[in-house]
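S.K.: One structure is given below, represented as structure tokens, and several questions about it will come after.
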Amino acid sequence: MEDKIKIAVVNFQTVWGDKTANLKQIENYCHQAGQQQADLIVFPETALTGYTNQANVTLENKMHYLNAETIPGPSTLKLSQLAKQYKMYIVVGMPEKVSDHLYNSAAIIEPSGKISSYRKIHLPFDESEWAIPGNEPVLLDTKWGPIGITICYDTYCFPELLRYYRAKGARLSLNVTACPDADCTFGSAKLAISAYAFVNYMFIASANLCGDEKGNHFVGGSGVVGPVPGNVKAYVGYMFGDENSDKPGLFIGEVDLSLADKYGEIPIFKKDEHGHRDWRNDLYAKLYLET
């Protein structure tokens with residue numbers, strides 16, 4: 001298993017409802033990252049279309065429905081060519097159409113050209129007006145070990161997913177997000193990324209929308225956050241809330257995933273000589289079933 005991985009994350013400003021313009025931007029960033037020999041590039045939630053919902057519009061007339069695609073589909077097939085060209089993983093948020101339903105999904109394009117998706121499990125606010133929730137966590141099988149995928153609300157308010165990924169051996173999870181400057185969402189993102197990276201001893205790579213979109217202002221803050229002794233830091237890009245972190249751009253750098261274990265100062269998952277460990281998944285399963 002390899003430790004060093006070159007990660008690119010994108011602060012992305014959408015052209016709301018203009019899939020052609022957004023895909024062109026996505027392709028340009030992929031070329032930039034590929035030319036710098038990135039192993040992986042992460043784009044935000046709904047980067048392909050824009051995020052903001054249309055209130056009081058029927059599903060069939062909503063922008064997300066009109067611009068949704070199957071996965072694989074036209075846009076992901078184009079990106080598949082770039083993934084193969086640069087031998088790079090590409091992860092990008094988009095509405096995914098399955099029959100007459102939509103999911104808020106992250107398309108996953110592998111260096112081999114293989115295309116799959118992660119479907120957002122938790123839908124906040126008005127996302128349920130156009131999407132239905134997914135039901136399956138996704139762990140990518142890579143030469144750096146398993147890599148988890150979450151989308152926004154999944155990451156900030158449901159620690160179970162990141163803990164599950166870490167328990168399955170993931171040292172890195174990808175957070176595909178559309179986080180605006182509202183107190184509840186911005187506060188959750190700012191606190192949760194640092195806290196979960198620290199308590200799980202793992203790296204979290206976030207890609208966020210930035211700038212204005214249909215009455216929302218997205219805060220950017222795309223970066224790769226991971227543990228250091230007694231704290232966390234941004235190894236690539238920004239922490240949420242850093243000064244000047246809301247401008248469009250690509251941030252790229254190499255991360256040594258072995259530091260996730262080196263700085264794992266509390267042996268949460270390690271068994272002692274008696275076969276016991278601090279993490280009590282059997283007990284938690286029982287408690288969750290009771291609720």
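Identifiers for the structure tokens are assigned positionally: chains receive A, B, ... in sequence, residues are indexed from 1 per chain, and ligands are indexed from 1 in the order shown.
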Give me every alpha helix (DSSP H) residue in region 121-171 of chain A, going by DSSP on the backbone, as a list in words.
M.R.: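 Selection result, alpha helix (DSSP H) within region 121-171 of chain A: Tyr153, Asp154, Thr155, Tyr156, Cys157, Pro159, Glu160, Leu161, Leu162, Arg163, Tyr164, Tyr165, Arg166 and Ala167 of chain A.
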S.K.: Include N, CA, C and O atoms and write out the residues we just selected as a PDB file, in the first residue's frame.
M.R.:
ATOM      1  N   TYR A 153     -23.639  17.469   4.177  1.00  0.00           N
ATOM      2  CA  TYR A 153     -24.386  17.152   5.404  1.00  0.00           C
ATOM      3  C   TYR A 153     -23.991  15.794   5.971  1.00  0.00           C
ATOM      4  O   TYR A 153     -23.920  15.611   7.190  1.00  0.00           O
ATOM      5  N   ASP A 154     -23.692  14.831   5.089  1.00  0.00           N
ATOM      6  CA  ASP A 154     -23.195  13.531   5.538  1.00  0.00           C
ATOM      7  C   ASP A 154     -21.980  13.694   6.432  1.00  0.00           C
ATOM      8  O   ASP A 154     -21.783  12.942   7.391  1.00  0.00           O
ATOM      9  N   THR A 155     -21.133  14.654   6.074  1.00  0.00           N
ATOM     10  CA  THR A 155     -19.848  14.846   6.735  1.00  0.00           C
ATOM     11  C   THR A 155     -19.997  15.588   8.052  1.00  0.00           C
ATOM     12  O   THR A 155     -19.390  15.222   9.065  1.00  0.00           O
ATOM     13  N   TYR A 156     -20.808  16.652   8.048  1.00  0.00           N
ATOM     14  CA  TYR A 156     -20.806  17.596   9.156  1.00  0.00           C
ATOM     15  C   TYR A 156     -21.675  17.173  10.330  1.00  0.00           C
ATOM     16  O   TYR A 156     -21.395  17.539  11.467  1.00  0.00           O
ATOM     17  N   CYS A 157     -22.732  16.425  10.057  1.00  0.00           N
ATOM     18  CA  CYS A 157     -23.714  16.155  11.110  1.00  0.00           C
ATOM     19  C   CYS A 157     -23.900  14.679  11.420  1.00  0.00           C
ATOM     20  O   CYS A 157     -24.697  14.345  12.296  1.00  0.00           O
ATOM     21  N   PRO A 159     -21.411  11.748  12.272  1.00  0.00           N
ATOM     22  CA  PRO A 159     -20.056  11.221  12.468  1.00  0.00           C
ATOM     23  C   PRO A 159     -19.941   9.725  12.232  1.00  0.00           C
ATOM     24  O   PRO A 159     -18.838   9.201  12.076  1.00  0.00           O
ATOM     25  N   GLU A 160     -21.087   9.043  12.167  1.00  0.00           N
ATOM     26  CA  GLU A 160     -21.053   7.597  11.954  1.00  0.00           C
ATOM     27  C   GLU A 160     -20.361   7.212  10.651  1.00  0.00           C
ATOM     28  O   GLU A 160     -19.646   6.207  10.589  1.00  0.00           O
ATOM     29  N   LEU A 161     -20.580   7.998   9.595  1.00  0.00           N
ATOM     30  CA  LEU A 161     -20.015   7.625   8.288  1.00  0.00           C
ATOM     31  C   LEU A 161     -18.494   7.695   8.287  1.00  0.00           C
ATOM     32  O   LEU A 161     -17.813   6.773   7.824  1.00  0.00           O
ATOM     33  N   LEU A 162     -17.943   8.808   8.781  1.00  0.00           N
ATOM     34  CA  LEU A 162     -16.485   8.927   8.792  1.00  0.00           C
ATOM     35  C   LEU A 162     -15.862   7.901   9.732  1.00  0.00           C
ATOM     36  O   LEU A 162     -14.798   7.348   9.422  1.00  0.00           O
ATOM     37  N   ARG A 163     -16.501   7.626  10.849  1.00  0.00           N
ATOM     38  CA  ARG A 163     -15.968   6.609  11.762  1.00  0.00           C
ATOM     39  C   ARG A 163     -16.018   5.228  11.115  1.00  0.00           C
ATOM     40  O   ARG A 163     -15.088   4.422  11.252  1.00  0.00           O
ATOM     41  N   TYR A 164     -17.081   4.955  10.378  1.00  0.00           N
ATOM     42  CA  TYR A 164     -17.183   3.686   9.641  1.00  0.00           C
ATOM     43  C   TYR A 164     -16.045   3.561   8.628  1.00  0.00           C
ATOM     44  O   TYR A 164     -15.369   2.524   8.550  1.00  0.00           O
ATOM     45  N   TYR A 165     -15.815   4.626   7.854  1.00  0.00           N
ATOM     46  CA  TYR A 165     -14.744   4.578   6.868  1.00  0.00           C
ATOM     47  C   TYR A 165     -13.390   4.353   7.528  1.00  0.00           C
ATOM     48  O   TYR A 165     -12.571   3.556   7.047  1.00  0.00           O
ATOM     49  N   ARG A 166     -13.145   5.055   8.633  1.00  0.00           N
ATOM     50  CA  ARG A 166     -11.852   4.905   9.307  1.00  0.00           C
ATOM     51  C   ARG A 166     -11.701   3.504   9.874  1.00  0.00           C
ATOM     52  O   ARG A 166     -10.619   2.895   9.803  1.00  0.00           O
ATOM     53  N   ALA A 167     -12.779   2.965  10.437  1.00  0.00           N
ATOM     54  CA  ALA A 167     -12.723   1.616  10.991  1.00  0.00           C
ATOM     55  C   ALA A 167     -12.462   0.572   9.911  1.00  0.00           C
ATOM     56  O   ALA A 167     -11.885  -0.487  10.187  1.00  0.00           O
TER      57      ALA A 167
END
S.K.: Give me the residues near Pro180 (chain A) as a ChimeraX atom specification, where near means some atom within 7 Å (using only C-alpha atoms) and where sequence neighbours in that chain fewer than 3 positions away do not count.
M.R.: /A:185-186,216-219
S.K.: Can you write just those residues out, N, CA, C and O atoms, as a short mmCIF file (atom, residue, chain, number, x, y, z; two decimals), in the first residue's frame?
M.R.:
data_model
loop_
_atom_site.label_atom_id
_atom_site.label_comp_id
_atom_site.auth_asym_id
_atom_site.auth_seq_id
_atom_site.Cartn_x
_atom_site.Cartn_y
_atom_site.Cartn_z
N THR A 185 -24.76 26.06 8.69
CA THR A 185 -23.97 25.23 7.79
C THR A 185 -22.48 25.55 7.89
O THR A 185 -21.64 24.65 7.97
N PHE A 186 -22.16 26.83 7.90
CA PHE A 186 -20.75 27.21 7.96
C PHE A 186 -20.15 26.78 9.30
O PHE A 186 -19.02 26.27 9.35
N ASN A 216 -27.54 32.57 -2.82
CA ASN A 216 -26.64 31.94 -1.84
C ASN A 216 -25.23 32.46 -2.05
O ASN A 216 -24.82 32.77 -3.17
N HIS A 217 -24.48 32.54 -0.95
CA HIS A 217 -23.05 32.82 -1.05
C HIS A 217 -22.29 31.65 -0.45
O HIS A 217 -22.43 31.34 0.74
N PHE A 218 -21.49 31.00 -1.29
CA PHE A 218 -20.74 29.83 -0.85
C PHE A 218 -19.33 30.24 -0.45
O PHE A 218 -18.71 31.09 -1.08
N VAL A 219 -18.83 29.59 0.62
CA VAL A 219 -17.65 30.10 1.32
C VAL A 219 -16.32 29.51 0.88
O VAL A 219 -15.27 29.89 1.40
#
S.K.: Using only C-alpha atoms, determine which residues lie at most 7 Å from region 237-243 of chain A, disregarding the query and same-chain residues fewer than 4 positions distant; provide the list as a list in words.
M.R.: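 Contacts, in chain order: Ala189, Lys190, Gly221, Ser222, Gly223, Val224 and Phe251 of chain A.
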S.K.: Within 12 Å of Gln36 (chain A), counting only C-alpha atoms, which residues qualify if same-chain residues fewer than 3 places away don't, as a list in words?
M.R.: Lys6, Ile7, Ala8, Tyr29, Cys30, His31, Gln32, Ala33, Asp39, Leu40, Ile41, Tyr86, Lys87, Met88, Leu250, Phe251, Ile252, Gly253 and Glu254 of chain A
S.K.: Write the residues of the preceding selection, restricted to N, CA, C and O atoms, as a PDB file, in the first residue's frame.
M.R.:
ATOM      1  N   LYS A   6      -0.954  12.712  -4.339  1.00  0.00           N
ATOM      2  CA  LYS A   6      -1.048  14.115  -4.736  1.00  0.00           C
ATOM      3  C   LYS A   6      -2.521  14.438  -4.990  1.00  0.00           C
ATOM      4  O   LYS A   6      -3.141  13.890  -5.906  1.00  0.00           O
ATOM      5  N   ILE A   7      -3.072  15.328  -4.161  1.00  0.00           N
ATOM      6  CA  ILE A   7      -4.502  15.623  -4.161  1.00  0.00           C
ATOM      7  C   ILE A   7      -4.748  17.043  -4.647  1.00  0.00           C
ATOM      8  O   ILE A   7      -4.079  17.989  -4.206  1.00  0.00           O
ATOM      9  N   ALA A   8      -5.727  17.190  -5.537  1.00  0.00           N
ATOM     10  CA  ALA A   8      -6.193  18.510  -5.970  1.00  0.00           C
ATOM     11  C   ALA A   8      -7.638  18.686  -5.519  1.00  0.00           C
ATOM     12  O   ALA A   8      -8.448  17.768  -5.633  1.00  0.00           O
ATOM     13  N   TYR A  29     -10.023  22.472 -15.164  1.00  0.00           N
ATOM     14  CA  TYR A  29      -9.347  22.168 -13.896  1.00  0.00           C
ATOM     15  C   TYR A  29      -8.710  20.777 -13.937  1.00  0.00           C
ATOM     16  O   TYR A  29      -7.618  20.564 -13.383  1.00  0.00           O
ATOM     17  N   CYS A  30      -9.372  19.826 -14.596  1.00  0.00           N
ATOM     18  CA  CYS A  30      -8.798  18.484 -14.719  1.00  0.00           C
ATOM     19  C   CYS A  30      -7.488  18.531 -15.508  1.00  0.00           C
ATOM     20  O   CYS A  30      -6.503  17.861 -15.149  1.00  0.00           O
ATOM     21  N   HIS A  31      -7.460  19.328 -16.578  1.00  0.00           N
ATOM     22  CA  HIS A  31      -6.214  19.470 -17.347  1.00  0.00           C
ATOM     23  C   HIS A  31      -5.114  20.075 -16.474  1.00  0.00           C
ATOM     24  O   HIS A  31      -3.964  19.605 -16.495  1.00  0.00           O
ATOM     25  N   GLN A  32      -5.470  21.116 -15.695  1.00  0.00           N
ATOM     26  CA  GLN A  32      -4.476  21.739 -14.820  1.00  0.00           C
ATOM     27  C   GLN A  32      -3.918  20.735 -13.812  1.00  0.00           C
ATOM     28  O   GLN A  32      -2.701  20.642 -13.600  1.00  0.00           O
ATOM     29  N   ALA A  33      -4.818  19.994 -13.183  1.00  0.00           N
ATOM     30  CA  ALA A  33      -4.397  19.022 -12.170  1.00  0.00           C
ATOM     31  C   ALA A  33      -3.597  17.891 -12.808  1.00  0.00           C
ATOM     32  O   ALA A  33      -2.567  17.453 -12.267  1.00  0.00           O
ATOM     33  N   ASP A  39      -2.906  12.775  -8.466  1.00  0.00           N
ATOM     34  CA  ASP A  39      -3.470  11.425  -8.433  1.00  0.00           C
ATOM     35  C   ASP A  39      -4.989  11.452  -8.324  1.00  0.00           C
ATOM     36  O   ASP A  39      -5.660  10.481  -8.698  1.00  0.00           O
ATOM     37  N   LEU A  40      -5.507  12.568  -7.824  1.00  0.00           N
ATOM     38  CA  LEU A  40      -6.920  12.649  -7.476  1.00  0.00           C
ATOM     39  C   LEU A  40      -7.350  14.105  -7.518  1.00  0.00           C
ATOM     40  O   LEU A  40      -6.625  14.977  -7.031  1.00  0.00           O
ATOM     41  N   ILE A  41      -8.513  14.391  -8.112  1.00  0.00           N
ATOM     42  CA  ILE A  41      -9.070  15.738  -8.072  1.00  0.00           C
ATOM     43  C   ILE A  41     -10.518  15.654  -7.593  1.00  0.00           C
ATOM     44  O   ILE A  41     -11.273  14.783  -8.034  1.00  0.00           O
ATOM     45  N   TYR A  86      -4.767  11.176 -17.821  1.00  0.00           N
ATOM     46  CA  TYR A  86      -3.857  11.628 -16.762  1.00  0.00           C
ATOM     47  C   TYR A  86      -3.654  10.592 -15.658  1.00  0.00           C
ATOM     48  O   TYR A  86      -2.968  10.867 -14.680  1.00  0.00           O
ATOM     49  N   LYS A  87      -4.286   9.416 -15.810  1.00  0.00           N
ATOM     50  CA  LYS A  87      -4.179   8.365 -14.771  1.00  0.00           C
ATOM     51  C   LYS A  87      -4.560   8.930 -13.410  1.00  0.00           C
ATOM     52  O   LYS A  87      -3.825   8.797 -12.427  1.00  0.00           O
ATOM     53  N   MET A  88      -5.738   9.540 -13.352  1.00  0.00           N
ATOM     54  CA  MET A  88      -6.155  10.350 -12.207  1.00  0.00           C
ATOM     55  C   MET A  88      -7.611  10.025 -11.842  1.00  0.00           C
ATOM     56  O   MET A  88      -8.456   9.846 -12.719  1.00  0.00           O
ATOM     57  N   LEU A 250      -7.758  26.220  -7.984  1.00  0.00           N
ATOM     58  CA  LEU A 250      -7.299  24.852  -7.777  1.00  0.00           C
ATOM     59  C   LEU A 250      -6.185  24.862  -6.748  1.00  0.00           C
ATOM     60  O   LEU A 250      -5.266  25.681  -6.827  1.00  0.00           O
ATOM     61  N   PHE A 251      -6.275  23.943  -5.792  1.00  0.00           N
ATOM     62  CA  PHE A 251      -5.236  23.804  -4.772  1.00  0.00           C
ATOM     63  C   PHE A 251      -4.735  22.363  -4.827  1.00  0.00           C
ATOM     64  O   PHE A 251      -5.526  21.423  -4.850  1.00  0.00           O
ATOM     65  N   ILE A 252      -3.431  22.207  -4.857  1.00  0.00           N
ATOM     66  CA  ILE A 252      -2.863  20.882  -5.101  1.00  0.00           C
ATOM     67  C   ILE A 252      -1.614  20.682  -4.255  1.00  0.00           C
ATOM     68  O   ILE A 252      -0.836  21.620  -4.039  1.00  0.00           O
ATOM     69  N   GLY A 253      -1.446  19.476  -3.756  1.00  0.00           N
ATOM     70  CA  GLY A 253      -0.254  19.178  -2.980  1.00  0.00           C
ATOM     71  C   GLY A 253      -0.199  17.703  -2.620  1.00  0.00           C
ATOM     72  O   GLY A 253      -1.187  16.972  -2.717  1.00  0.00           O
ATOM     73  N   GLU A 254       0.971  17.272  -2.199  1.00  0.00           N
ATOM     74  CA  GLU A 254       1.182  15.872  -1.827  1.00  0.00           C
ATOM     75  C   GLU A 254       0.937  15.695  -0.333  1.00  0.00           C
ATOM     76  O   GLU A 254       1.351  16.515   0.489  1.00  0.00           O
TER      77      GLU A 254
END
S.K.: Could you state the separation of CA of Pro95 (chain A) and CA of Thr46 (chain A) in Å, given to one decimal place?
M.R.: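 One can read the CA of Pro95 (chain A) to CA of Thr46 (chain A) distance as 6.5 Å.
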S.K.: Would you pick out the contacts of Asn175 (chain A) at 6 Å or less, using only C-alpha atoms, so that residues sharing its chain but fewer than 5 positions from it are not included, and give the list as a list in words?
M.R.: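 Neighbouring residues, sequence-local ones excluded: Thr150, Ile151, Ala205 and Ser206 of chain A.
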S.K.: From the options A:Pro248, A:Arg119, A:Tyr288, A:Ala107, which residue's atoms come nearest to Asp212 (chain A), counting only C-alpha atoms?
M.R.: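 Nearest to Asp212 (chain A): A:Pro248.
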S.K.: Taking only C-alpha atoms into account, name the residue in A:Ile5, A:Ile109, A:Ile115, A:Ile121 that is nearest to Val236 (chain A).
M.R.: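 Looking only at the distances to Val236 (chain A), the closest residue turns out to be A:Ile5.
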S.K.: Do a neighbour search on region 43-45 of chain A at 8 Å with only C-alpha atoms, toss out local chain neighbours closer than 2 positions, and write the hits as a ChimeraX atom specification.
M.R.: /A:9-12,26,41,47,51,90-94,104-106,151-152,176-178,206-209
S.K.: Using only C-alpha atoms, which protein or nucleic acid residues come within 10 Å of Lys84 (chain A)? Drop anything in the same chain fewer than 6 positions from it, and give the result as a list in words.
M.R.: Ile109, Glu110, Pro111, Ser112, Gly113 and Lys114 of chain A
S.K.: For the residues selected in the previous step, produce a file with N, CA, C and O atoms as a CSV table (one decimal), in the first residue's frame.
M.R.:
chain,number,residue,atom,x,y,z
A,109,ILE,N,-14.9,8.8,-11.1
A,109,ILE,CA,-14.2,8.3,-12.4
A,109,ILE,C,-12.8,7.9,-12.0
A,109,ILE,O,-12.0,8.7,-11.5
A,110,GLU,N,-12.5,6.6,-12.3
A,110,GLU,CA,-11.2,6.1,-11.9
A,110,GLU,C,-10.2,6.2,-13.1
A,110,GLU,O,-10.6,6.4,-14.2
A,111,PRO,N,-8.9,6.0,-12.8
A,111,PRO,CA,-7.9,6.1,-13.9
A,111,PRO,C,-8.1,5.1,-15.0
A,111,PRO,O,-7.7,5.3,-16.1
A,112,SER,N,-8.8,4.0,-14.7
A,112,SER,CA,-9.1,3.0,-15.7
A,112,SER,C,-10.2,3.4,-16.6
A,112,SER,O,-10.4,2.8,-17.6
A,113,GLY,N,-10.9,4.5,-16.2
A,113,GLY,CA,-12.1,4.9,-17.0
A,113,GLY,C,-13.4,4.4,-16.4
A,113,GLY,O,-14.5,4.8,-16.8
A,114,LYS,N,-13.3,3.5,-15.4
A,114,LYS,CA,-14.5,3.0,-14.7
A,114,LYS,C,-15.3,4.2,-14.0
A,114,LYS,O,-14.7,5.1,-13.4
S.K.: Could you pull out the strand (DSSP E or B) residues of region 10-50 of chain A, going by DSSP on the backbone, and write them as a count of residues only?
M.R.: 6
